[in-house]
Structures are given as C-alpha cells and as structure tokens.
$ cat upload_27.pdb   # PDB, C-alpha atoms
ATOM      1  CA  MET A   1      97.951 105.060  96.876  1.00  0.00           C
ATOM      2  CA  LYS A   2      98.537 102.866  99.925  1.00  0.00           C
ATOM      3  CA  VAL A   3     102.170 102.975 101.094  1.00  0.00           C
ATOM      4  CA  GLY A   4     101.921 101.325 104.511  1.00  0.00           C
ATOM      5  CA  VAL A   5      99.844 100.193 107.467  1.00  0.00           C
ATOM      6  CA  PHE A   6     100.128 101.353 111.080  1.00  0.00           C
ATOM      7  CA  GLY A   7     100.922  98.641 113.615  1.00  0.00           C
ATOM      8  CA  SER A   8     101.424  98.868 117.371  1.00  0.00           C
ATOM      9  CA  SER A   9     102.829 101.771 119.358  1.00  0.00           C
ATOM     10  CA  HIS A  10     106.574 101.872 120.032  1.00  0.00           C
ATOM     11  CA  GLY A  11     108.226 103.270 123.135  1.00  0.00           C
ATOM     12  CA  ILE A  12     106.824 105.872 125.509  1.00  0.00           C
ATOM     13  CA  LYS A  13     106.990 109.002 123.306  1.00  0.00           C
ATOM     14  CA  GLY A  14     104.101 108.205 120.970  1.00  0.00           C
ATOM     15  CA  PHE A  15     105.868 106.549 118.044  1.00  0.00           C
ATOM     16  CA  ILE A  16     103.903 103.998 116.011  1.00  0.00           C
ATOM     17  CA  LYS A  17     105.200 101.212 113.772  1.00  0.00           C
ATOM     18  CA  VAL A  18     104.460 101.304 110.049  1.00  0.00           C
ATOM     19  CA  PHE A  19     104.758  98.197 107.896  1.00  0.00           C
ATOM     20  CA  THR A  20     105.253  98.697 104.180  1.00  0.00           C
ATOM     21  CA  ASP A  21     106.315  96.893 101.030  1.00  0.00           C
ATOM     22  CA  GLY A  22     109.617  98.358  99.879  1.00  0.00           C
ATOM     23  CA  GLU A  23     111.371 101.558 100.836  1.00  0.00           C
ATOM     24  CA  THR A  24     108.788 104.172  99.820  1.00  0.00           C
ATOM     25  CA  LEU A  25     108.645 105.814 103.243  1.00  0.00           C
ATOM     26  CA  SER A  26     112.427 106.206 103.450  1.00  0.00           C
ATOM     27  CA  SER A  27     112.310 108.747 100.603  1.00  0.00           C
ATOM     28  CA  LEU A  28     109.578 110.876 102.199  1.00  0.00           C
ATOM     29  CA  LYS A  29     110.728 113.776 104.322  1.00  0.00           C
ATOM     30  CA  ALA A  30     109.085 114.884 107.558  1.00  0.00           C
ATOM     31  CA  PRO A  31     107.453 117.074 108.588  1.00  0.00           C
ATOM     32  CA  THR A  32     104.703 116.358 106.105  1.00  0.00           C
ATOM     33  CA  THR A  33     101.007 115.656 105.952  1.00  0.00           C
ATOM     34  CA  CYS A  34      99.309 112.590 104.555  1.00  0.00           C
ATOM     35  CA  THR A  35      95.949 110.926 104.354  1.00  0.00           C
ATOM     36  CA  VAL A  36      95.128 107.861 106.437  1.00  0.00           C
ATOM     37  CA  ARG A  37      92.236 105.449 105.918  1.00  0.00           C
ATOM     38  CA  ASP A  38      90.627 103.440 108.703  1.00  0.00           C
ATOM     39  CA  PRO A  39      89.532  99.817 108.170  1.00  0.00           C
ATOM     40  CA  LEU A  40      85.989 101.021 107.336  1.00  0.00           C
ATOM     41  CA  GLY A  41      87.271 103.243 104.489  1.00  0.00           C
ATOM     42  CA  ASN A  42      86.952 106.633 106.231  1.00  0.00           C
ATOM     43  CA  THR A  43      89.828 109.024 105.537  1.00  0.00           C
ATOM     44  CA  THR A  44      91.422 111.860 107.482  1.00  0.00           C
ATOM     45  CA  THR A  45      94.599 113.931 107.241  1.00  0.00           C
ATOM     46  CA  ILE A  46      97.412 113.716 109.793  1.00  0.00           C
ATOM     47  CA  ALA A  47     100.688 115.590 110.287  1.00  0.00           C
ATOM     48  CA  ILE A  48     103.807 113.442 110.529  1.00  0.00           C
ATOM     49  CA  GLU A  49     106.663 114.901 112.586  1.00  0.00           C
ATOM     50  CA  SER A  50     109.257 112.207 111.854  1.00  0.00           C
ATOM     51  CA  ILE A  51     109.801 108.996 109.908  1.00  0.00           C
ATOM     52  CA  LYS A  52     112.707 106.658 110.593  1.00  0.00           C
ATOM     53  CA  SER A  53     113.639 103.153 109.546  1.00  0.00           C
ATOM     54  CA  ASN A  54     113.706 100.537 112.312  1.00  0.00           C
ATOM     55  CA  GLY A  55     114.588  97.054 111.058  1.00  0.00           C
ATOM     56  CA  ASN A  56     111.758  95.584 108.969  1.00  0.00           C
ATOM     57  CA  HIS A  57     109.429  98.542 109.603  1.00  0.00           C
ATOM     58  CA  PHE A  58     109.391 102.308 110.092  1.00  0.00           C
ATOM     59  CA  LEU A  59     108.665 104.390 113.169  1.00  0.00           C
ATOM     60  CA  VAL A  60     106.419 107.410 112.695  1.00  0.00           C
ATOM     61  CA  LYS A  61     105.679 110.260 115.084  1.00  0.00           C
ATOM     62  CA  ILE A  62     102.243 111.823 114.506  1.00  0.00           C
ATOM     63  CA  LYS A  63     101.871 115.454 115.583  1.00  0.00           C
ATOM     64  CA  GLY A  64      99.698 115.797 118.685  1.00  0.00           C
ATOM     65  CA  TYR A  65     100.042 112.154 119.737  1.00  0.00           C
ATOM     66  CA  ASP A  66     102.719 111.926 122.424  1.00  0.00           C
ATOM     67  CA  THR A  67     101.940 108.716 124.322  1.00  0.00           C
ATOM     68  CA  PRO A  68     101.453 105.074 123.336  1.00  0.00           C
ATOM     69  CA  GLU A  69      97.874 105.235 124.612  1.00  0.00           C
ATOM     70  CA  THR A  70      96.884 108.070 122.265  1.00  0.00           C
ATOM     71  CA  VAL A  71      98.642 106.929 119.082  1.00  0.00           C
ATOM     72  CA  VAL A  72      97.247 103.378 119.240  1.00  0.00           C
ATOM     73  CA  LYS A  73      93.962 104.672 117.770  1.00  0.00           C
ATOM     74  CA  TYR A  74      95.679 104.561 114.352  1.00  0.00           C
ATOM     75  CA  ARG A  75      96.536 100.849 114.532  1.00  0.00           C
ATOM     76  CA  GLY A  76      95.329  99.132 111.363  1.00  0.00           C
ATOM     77  CA  PHE A  77      94.954 102.399 109.430  1.00  0.00           C
ATOM     78  CA  SER A  78      96.480 102.588 105.933  1.00  0.00           C
ATOM     79  CA  ILE A  79      98.777 105.452 104.955  1.00  0.00           C
ATOM     80  CA  LEU A  80      97.912 106.943 101.579  1.00  0.00           C
ATOM     81  CA  TRP A  81     100.054 109.207  99.414  1.00  0.00           C
ATOM     82  CA  LYS A  82      99.317 110.849  96.090  1.00  0.00           C
ATOM     83  CA  LYS A  83     101.113 108.884  93.415  1.00  0.00           C
ATOM     84  CA  GLU A  84     102.632 112.011  91.893  1.00  0.00           C
ATOM     85  CA  GLU A  85     104.327 112.792  95.234  1.00  0.00           C
ATOM     86  CA  LEU A  86     106.032 109.393  95.431  1.00  0.00           C
ATOM     87  CA  PRO A  87     109.486 108.710  93.984  1.00  0.00           C
ATOM     88  CA  LYS A  88     109.641 107.169  90.531  1.00  0.00           C
ATOM     89  CA  PRO A  89     110.285 103.396  90.626  1.00  0.00           C
ATOM     90  CA  GLN A  90     113.808 102.301  89.702  1.00  0.00           C
ATOM     91  CA  ASP A  91     114.480  99.951  86.775  1.00  0.00           C
ATOM     92  CA  GLY A  92     113.012  96.544  87.609  1.00  0.00           C
ATOM     93  CA  GLU A  93     110.624  98.049  90.186  1.00  0.00           C
ATOM     94  CA  VAL A  94     106.929  98.834  89.944  1.00  0.00           C
ATOM     95  CA  TYR A  95     104.242 100.092  92.273  1.00  0.00           C
ATOM     96  CA  THR A  96     101.996  97.074  92.768  1.00  0.00           C
ATOM     97  CA  GLU A  97      98.933  99.260  92.134  1.00  0.00           C
ATOM     98  CA  ASP A  98     100.192  99.723  88.545  1.00  0.00           C
ATOM     99  CA  LEU A  99      99.943  95.969  87.909  1.00  0.00           C
ATOM    100  CA  ILE A 100      96.150  95.976  88.246  1.00  0.00           C
ATOM    101  CA  GLY A 101      94.558  95.724  84.810  1.00  0.00           C
ATOM    102  CA  LEU A 102      97.622  94.285  83.049  1.00  0.00           C
ATOM    103  CA  ARG A 103      96.831  91.434  80.656  1.00  0.00           C
ATOM    104  CA  ILE A 104      98.677  88.164  81.285  1.00  0.00           C
ATOM    105  CA  ILE A 105     100.882  86.855  78.469  1.00  0.00           C
ATOM    106  CA  SER A 106     103.093  83.773  78.303  1.00  0.00           C
ATOM    107  CA  LYS A 107     106.781  84.532  78.849  1.00  0.00           C
ATOM    108  CA  GLU A 108     107.680  81.591  76.666  1.00  0.00           C
ATOM    109  CA  THR A 109     105.411  82.325  73.657  1.00  0.00           C
ATOM    110  CA  LYS A 110     104.420  85.996  74.267  1.00  0.00           C
ATOM    111  CA  THR A 111     100.793  85.041  73.518  1.00  0.00           C
ATOM    112  CA  PRO A 112      97.813  86.373  75.497  1.00  0.00           C
ATOM    113  CA  LEU A 113      96.463  83.911  78.071  1.00  0.00           C
ATOM    114  CA  GLY A 114      92.964  85.354  78.531  1.00  0.00           C
ATOM    115  CA  TYR A 115      93.571  86.617  82.082  1.00  0.00           C
ATOM    116  CA  LYS A 116      94.298  89.980  83.667  1.00  0.00           C
ATOM    117  CA  VAL A 117      95.512  91.138  87.076  1.00  0.00           C
ATOM    118  CA  THR A 118      92.493  92.269  89.104  1.00  0.00           C
ATOM    119  CA  ASP A 119      94.090  92.811  92.515  1.00  0.00           C
ATOM    120  CA  VAL A 120      97.394  92.687  94.367  1.00  0.00           C
ATOM    121  CA  ILE A 121      96.953  91.090  97.786  1.00  0.00           C
ATOM    122  CA  ASP A 122      99.261  92.157 100.615  1.00  0.00           C
ATOM    123  CA  ASN A 123     101.086  89.220 102.139  1.00  0.00           C
ATOM    124  CA  PRO A 124     103.947  89.311 104.674  1.00  0.00           C
ATOM    125  CA  ALA A 125     106.234  87.173 102.481  1.00  0.00           C
ATOM    126  CA  HIS A 126     105.466  88.782  99.092  1.00  0.00           C
ATOM    127  CA  PRO A 127     102.507  90.274  97.218  1.00  0.00           C
ATOM    128  CA  ILE A 128     100.092  87.864  95.521  1.00  0.00           C
ATOM    129  CA  LEU A 129      98.573  88.645  92.125  1.00  0.00           C
ATOM    130  CA  GLU A 130      94.874  87.873  91.719  1.00  0.00           C
ATOM    131  CA  CYS A 131      94.239  87.023  88.070  1.00  0.00           C
ATOM    132  CA  LYS A 132      90.766  86.642  86.594  1.00  0.00           C
ATOM    133  CA  PRO A 133      89.653  85.680  83.099  1.00  0.00           C
ATOM    134  CA  THR A 134      89.165  88.628  80.745  1.00  0.00           C
ATOM    135  CA  SER A 135      86.042  86.964  79.303  1.00  0.00           C
ATOM    136  CA  GLY A 136      84.444  86.366  82.687  1.00  0.00           C
ATOM    137  CA  GLU A 137      84.598  82.571  82.395  1.00  0.00           C
ATOM    138  CA  GLY A 138      87.048  80.457  84.362  1.00  0.00           C
ATOM    139  CA  GLU A 139      88.575  80.375  87.802  1.00  0.00           C
ATOM    140  CA  THR A 140      90.452  83.072  89.672  1.00  0.00           C
ATOM    141  CA  ILE A 141      94.179  82.265  89.818  1.00  0.00           C
ATOM    142  CA  LEU A 142      96.475  83.477  92.637  1.00  0.00           C
ATOM    143  CA  VAL A 143     100.160  83.843  91.699  1.00  0.00           C
ATOM    144  CA  PRO A 144     102.994  84.859  94.053  1.00  0.00           C
ATOM    145  CA  PHE A 145     104.709  88.008  92.726  1.00  0.00           C
ATOM    146  CA  LEU A 146     108.145  86.388  92.567  1.00  0.00           C
ATOM    147  CA  ASN A 147     110.740  86.289  89.769  1.00  0.00           C
ATOM    148  CA  ARG A 148     110.365  82.542  89.277  1.00  0.00           C
ATOM    149  CA  PHE A 149     106.673  82.962  88.396  1.00  0.00           C
ATOM    150  CA  VAL A 150     106.434  86.480  86.943  1.00  0.00           C
ATOM    151  CA  GLY A 151     108.535  87.818  84.090  1.00  0.00           C
ATOM    152  CA  ASP A 152     108.655  91.345  82.721  1.00  0.00           C
ATOM    153  CA  TRP A 153     105.823  93.858  82.734  1.00  0.00           C
ATOM    154  CA  ASN A 154     105.138  96.619  80.277  1.00  0.00           C
ATOM    155  CA  LEU A 155     102.923  99.444  81.500  1.00  0.00           C
ATOM    156  CA  GLU A 156     102.667 100.929  77.978  1.00  0.00           C
ATOM    157  CA  THR A 157     101.346  97.747  76.333  1.00  0.00           C
ATOM    158  CA  LYS A 158      99.582  96.795  79.607  1.00  0.00           C
ATOM    159  CA  THR A 159     101.038  93.278  79.669  1.00  0.00           C
ATOM    160  CA  LEU A 160     102.608  91.054  82.328  1.00  0.00           C
ATOM    161  CA  GLU A 161     104.552  87.887  81.565  1.00  0.00           C
ATOM    162  CA  MET A 162     103.817  84.669  83.458  1.00  0.00           C
ATOM    163  CA  ILE A 163     106.373  81.881  83.521  1.00  0.00           C
ATOM    164  CA  GLU A 164     105.011  78.374  82.852  1.00  0.00           C
ATOM    165  CA  TRP A 165     101.399  79.577  83.138  1.00  0.00           C
ATOM    166  CA  GLU A 166     100.053  76.052  82.624  1.00  0.00           C
ATOM    167  CA  GLN A 167     101.139  75.056  86.146  1.00  0.00           C
ATOM    168  CA  TRP A 168      98.713  77.617  87.617  1.00  0.00           C
ATOM    169  CA  ILE A 169      95.778  76.437  85.532  1.00  0.00           C
ATOM    170  CA  ALA A 170      96.468  72.799  86.507  1.00  0.00           C
ATOM    171  CA  LEU A 171      96.194  73.642  90.199  1.00  0.00           C
TER     172      LEU A 171
END
$ encode --input "upload_27.pdb" --output "structure tokens"
Amino acid sequence: MKVGVFGSSHGIKGFIKVFTDGETLSSLKAPTTCTVRDPLGNTTTIAIESIKSNGNHFLVKIKGYDTPETVVKYRGFSILWKKEELPKPQDGEVYTEDLIGLRIISKETKTPLGYKVTDVIDNPAHPILECKPTSGEGETILVPFLNRFVGDWNLETKTLEMIEWEQWIAL
C-alpha cells in the first residue's frame, strides 16, 4: 500500500522529503525496511534509518545514502508498506485504498446510484474519488473526498454515501 512519495533532498546529510496523506509515517518506527516503487513500477527494498515530521512533510534518512547528490535518485519513488503492518485507522478514518470498489449510495435516500469507486487520485488539496458506472454505461464522475460531498462509508456492506449526487451528474 502506498504511504508516501519521495520529494527533493533536504540538507547536507542525505535526508529526503516524503509527502504523504495523513500521519501514517509518524507511527512507523525506524530503523525499518520498506519497499519503494519507481515511476515505471519497478520495486526494491531500502533500509530507513530515521523518520521525522517536518511541517507538512516528513524527512527520511535512507541507510547508505549520506549526501543530497546520492539520495536524489529516489525522488518521485513511492513508499509502500504492507497493510497489516500499518496502524488501524481511527474512527472516522479510512485508508483511501479501501474505498476502491465501494458502491455509491445516496446519503439522502440510501438507494444505490449505479456507480462505484474505481480509483482514488492523489491531489495536494485532498484526494479525488473516481466513480464509474457499475453497468459500464455512463460517464466517469470525479468527486472531491470532502465531508460536504461524501458521507459515511461501510467497508462491510461495501457502500459509500454521496451527498446530493445529482449535482455531480448534472456537471
């Protein structure tokens, strides 16, 4: 499961910035190993010596990479962690990966709307839900994953509530 993306190097000791949705990395303890995936989809394992919060991102020290020039090779790589090794989401939280496949229902009427979540798109402001028709007919709808548009989700019944769904179809 993707938990972050490497950005630019930081400082002169080989730290690299990691941008992530939420606080997942703050609960992981270094030293540890993890899998990283390059933009072409190739994966490799790295050893992380330290992880620390730094404003709106984290700083990571990768074992064996001690200068900004060496660590920059990981820029744009995704950090992957096994889901079972991640902390359980708190009440009102969900890993965005778990939303994929949920059927869309109306918050107002609780009736199925004939769409399901097919992807969660990373966006600096907030994730965006890609919703496609379950029957294969109709347009793809993009909905910001914000409380004013998305209601409750239920991973057991595999449903996700949309608020005033008609406004998305009209667009």
$ closest_residue --input "upload_27.pdb" --among "A:Ser8, A:Thr33, A:Ser106, A:Ser50" --to "A:Leu80" --atoms "all atoms listed in the file"
A:Thr33
$ resolve_selection --input "upload_27.pdb" --expression "the PyMOL selection byres ((chain A and resi 130-144) around 12)" --output "JSON list (two decimals) with C-alpha atoms, in the coordinates of the input"
[["chain", "number", "residue", "atom", "x", "y", "z"],
["A", 96, "THR", "CA", 102.00, 97.07, 92.77],
["A", 99, "LEU", "CA", 99.94, 95.97, 87.91],
["A", 100, "ILE", "CA", 96.15, 95.98, 88.25],
["A", 101, "GLY", "CA", 94.56, 95.72, 84.81],
["A", 102, "LEU", "CA", 97.62, 94.28, 83.05],
["A", 103, "ARG", "CA", 96.83, 91.43, 80.66],
["A", 104, "ILE", "CA", 98.68, 88.16, 81.28],
["A", 105, "ILE", "CA", 100.88, 86.86, 78.47],
["A", 112, "PRO", "CA", 97.81, 86.37, 75.50],
["A", 113, "LEU", "CA", 96.46, 83.91, 78.07],
["A", 114, "GLY", "CA", 92.96, 85.35, 78.53],
["A", 115, "TYR", "CA", 93.57, 86.62, 82.08],
["A", 116, "LYS", "CA", 94.30, 89.98, 83.67],
["A", 117, "VAL", "CA", 95.51, 91.14, 87.08],
["A", 118, "THR", "CA", 92.49, 92.27, 89.10],
["A", 119, "ASP", "CA", 94.09, 92.81, 92.52],
["A", 120, "VAL", "CA", 97.39, 92.69, 94.37],
["A", 121, "ILE", "CA", 96.95, 91.09, 97.79],
["A", 122, "ASP", "CA", 99.26, 92.16, 100.62],
["A", 123, "ASN", "CA", 101.09, 89.22, 102.14],
["A", 124, "PRO", "CA", 103.95, 89.31, 104.67],
["A", 125, "ALA", "CA", 106.23, 87.17, 102.48],
["A", 126, "HIS", "CA", 105.47, 88.78, 99.09],
["A", 127, "PRO", "CA", 102.51, 90.27, 97.22],
["A", 128, "ILE", "CA", 100.09, 87.86, 95.52],
["A", 129, "LEU", "CA", 98.57, 88.64, 92.12],
["A", 145, "PHE", "CA", 104.71, 88.01, 92.73],
["A", 146, "LEU", "CA", 108.14, 86.39, 92.57],
["A", 147, "ASN", "CA", 110.74, 86.29, 89.77],
["A", 148, "ARG", "CA", 110.36, 82.54, 89.28],
["A", 149, "PHE", "CA", 106.67, 82.96, 88.40],
["A", 150, "VAL", "CA", 106.43, 86.48, 86.94],
["A", 151, "GLY", "CA", 108.54, 87.82, 84.09],
["A", 160, "LEU", "CA", 102.61, 91.05, 82.33],
["A", 161, "GLU", "CA", 104.55, 87.89, 81.56],
["A", 162, "MET", "CA", 103.82, 84.67, 83.46],
["A", 163, "ILE", "CA", 106.37, 81.88, 83.52],
["A", 164, "GLU", "CA", 105.01, 78.37, 82.85],
["A", 165, "TRP", "CA", 101.40, 79.58, 83.14],
["A", 166, "GLU", "CA", 100.05, 76.05, 82.62],
["A", 167, "GLN", "CA", 101.14, 75.06, 86.15],
["A", 168, "TRP", "CA", 98.71, 77.62, 87.62],
["A", 169, "ILE", "CA", 95.78, 76.44, 85.53],
["A", 170, "ALA", "CA", 96.47, 72.80, 86.51],
["A", 171, "LEU", "CA", 96.19, 73.64, 90.20]]
$ closest_residue --input "upload_27.pdb" --among "A:Ile79, A:Ala30, A:Leu155, A:Val72" --to "A:Thr45" --atoms "only C-alpha atoms"
A:Ile79
$ resolve_selection --input "upload_27.pdb" --expression "the PyMOL selection byres ((chain A and resi 59) around 12)" --output "PDB file with C-alpha atoms, in the coordinates of the input"
ATOM      1  CA  GLY A   4     101.921 101.325 104.511  1.00  0.00           C
ATOM      2  CA  VAL A   5      99.844 100.193 107.467  1.00  0.00           C
ATOM      3  CA  PHE A   6     100.128 101.353 111.080  1.00  0.00           C
ATOM      4  CA  GLY A   7     100.922  98.641 113.615  1.00  0.00           C
ATOM      5  CA  SER A   8     101.424  98.868 117.371  1.00  0.00           C
ATOM      6  CA  SER A   9     102.829 101.771 119.358  1.00  0.00           C
ATOM      7  CA  HIS A  10     106.574 101.872 120.032  1.00  0.00           C
ATOM      8  CA  GLY A  11     108.226 103.270 123.135  1.00  0.00           C
ATOM      9  CA  LYS A  13     106.990 109.002 123.306  1.00  0.00           C
ATOM     10  CA  GLY A  14     104.101 108.205 120.970  1.00  0.00           C
ATOM     11  CA  PHE A  15     105.868 106.549 118.044  1.00  0.00           C
ATOM     12  CA  ILE A  16     103.903 103.998 116.011  1.00  0.00           C
ATOM     13  CA  LYS A  17     105.200 101.212 113.772  1.00  0.00           C
ATOM     14  CA  VAL A  18     104.460 101.304 110.049  1.00  0.00           C
ATOM     15  CA  PHE A  19     104.758  98.197 107.896  1.00  0.00           C
ATOM     16  CA  THR A  20     105.253  98.697 104.180  1.00  0.00           C
ATOM     17  CA  LEU A  25     108.645 105.814 103.243  1.00  0.00           C
ATOM     18  CA  SER A  26     112.427 106.206 103.450  1.00  0.00           C
ATOM     19  CA  ALA A  30     109.085 114.884 107.558  1.00  0.00           C
ATOM     20  CA  ILE A  48     103.807 113.442 110.529  1.00  0.00           C
ATOM     21  CA  GLU A  49     106.663 114.901 112.586  1.00  0.00           C
ATOM     22  CA  SER A  50     109.257 112.207 111.854  1.00  0.00           C
ATOM     23  CA  ILE A  51     109.801 108.996 109.908  1.00  0.00           C
ATOM     24  CA  LYS A  52     112.707 106.658 110.593  1.00  0.00           C
ATOM     25  CA  SER A  53     113.639 103.153 109.546  1.00  0.00           C
ATOM     26  CA  ASN A  54     113.706 100.537 112.312  1.00  0.00           C
ATOM     27  CA  GLY A  55     114.588  97.054 111.058  1.00  0.00           C
ATOM     28  CA  ASN A  56     111.758  95.584 108.969  1.00  0.00           C
ATOM     29  CA  HIS A  57     109.429  98.542 109.603  1.00  0.00           C
ATOM     30  CA  PHE A  58     109.391 102.308 110.092  1.00  0.00           C
ATOM     31  CA  VAL A  60     106.419 107.410 112.695  1.00  0.00           C
ATOM     32  CA  LYS A  61     105.679 110.260 115.084  1.00  0.00           C
ATOM     33  CA  ILE A  62     102.243 111.823 114.506  1.00  0.00           C
ATOM     34  CA  VAL A  71      98.642 106.929 119.082  1.00  0.00           C
TER      35      VAL A  71
END
$ axis_aligned_box --input "upload_27.pdb" --around "stretch 27-36 of chain A" --padding-each-side "4 Å" --output "AutoDock Vina command-line options"
--center_x 103.7 --center_y 112.5 --center_z 104.6 --size_x 25.2 --size_y 17.2 --size_z 16.0
$ closest_residue --input "upload_27.pdb" --among "A:Lys158, A:Thr109, A:Tyr95, A:Arg75" --to "A:Val36" --atoms "all atoms listed in the file"
A:Arg75
$ residues_around --input "upload_27.pdb" --residues "A:Ile12" --least-positions-apart "5" --cutoff "8 Å" --atoms "all atoms listed in the file" --output "list of chain:residue names"
A:Asp66, A:Thr67, A:Pro68
$ closest_residue --input "upload_27.pdb" --among "A:Tyr65, A:Glu108, A:Val3, A:Tyr74" --to "A:Asp38" --atoms "all atoms listed in the file"
A:Tyr74
$ closest_residue --input "upload_27.pdb" --among "A:Glu69, A:Phe77, A:Lys29, A:Gly64" --to "A:Thr43" --atoms "all atoms listed in the file"
A:Phe77
$ atom_distance --input "upload_27.pdb" --atom1 "atom CA of A:Glu97" --atom2 "atom CA of A:Arg37"
16.5 Å
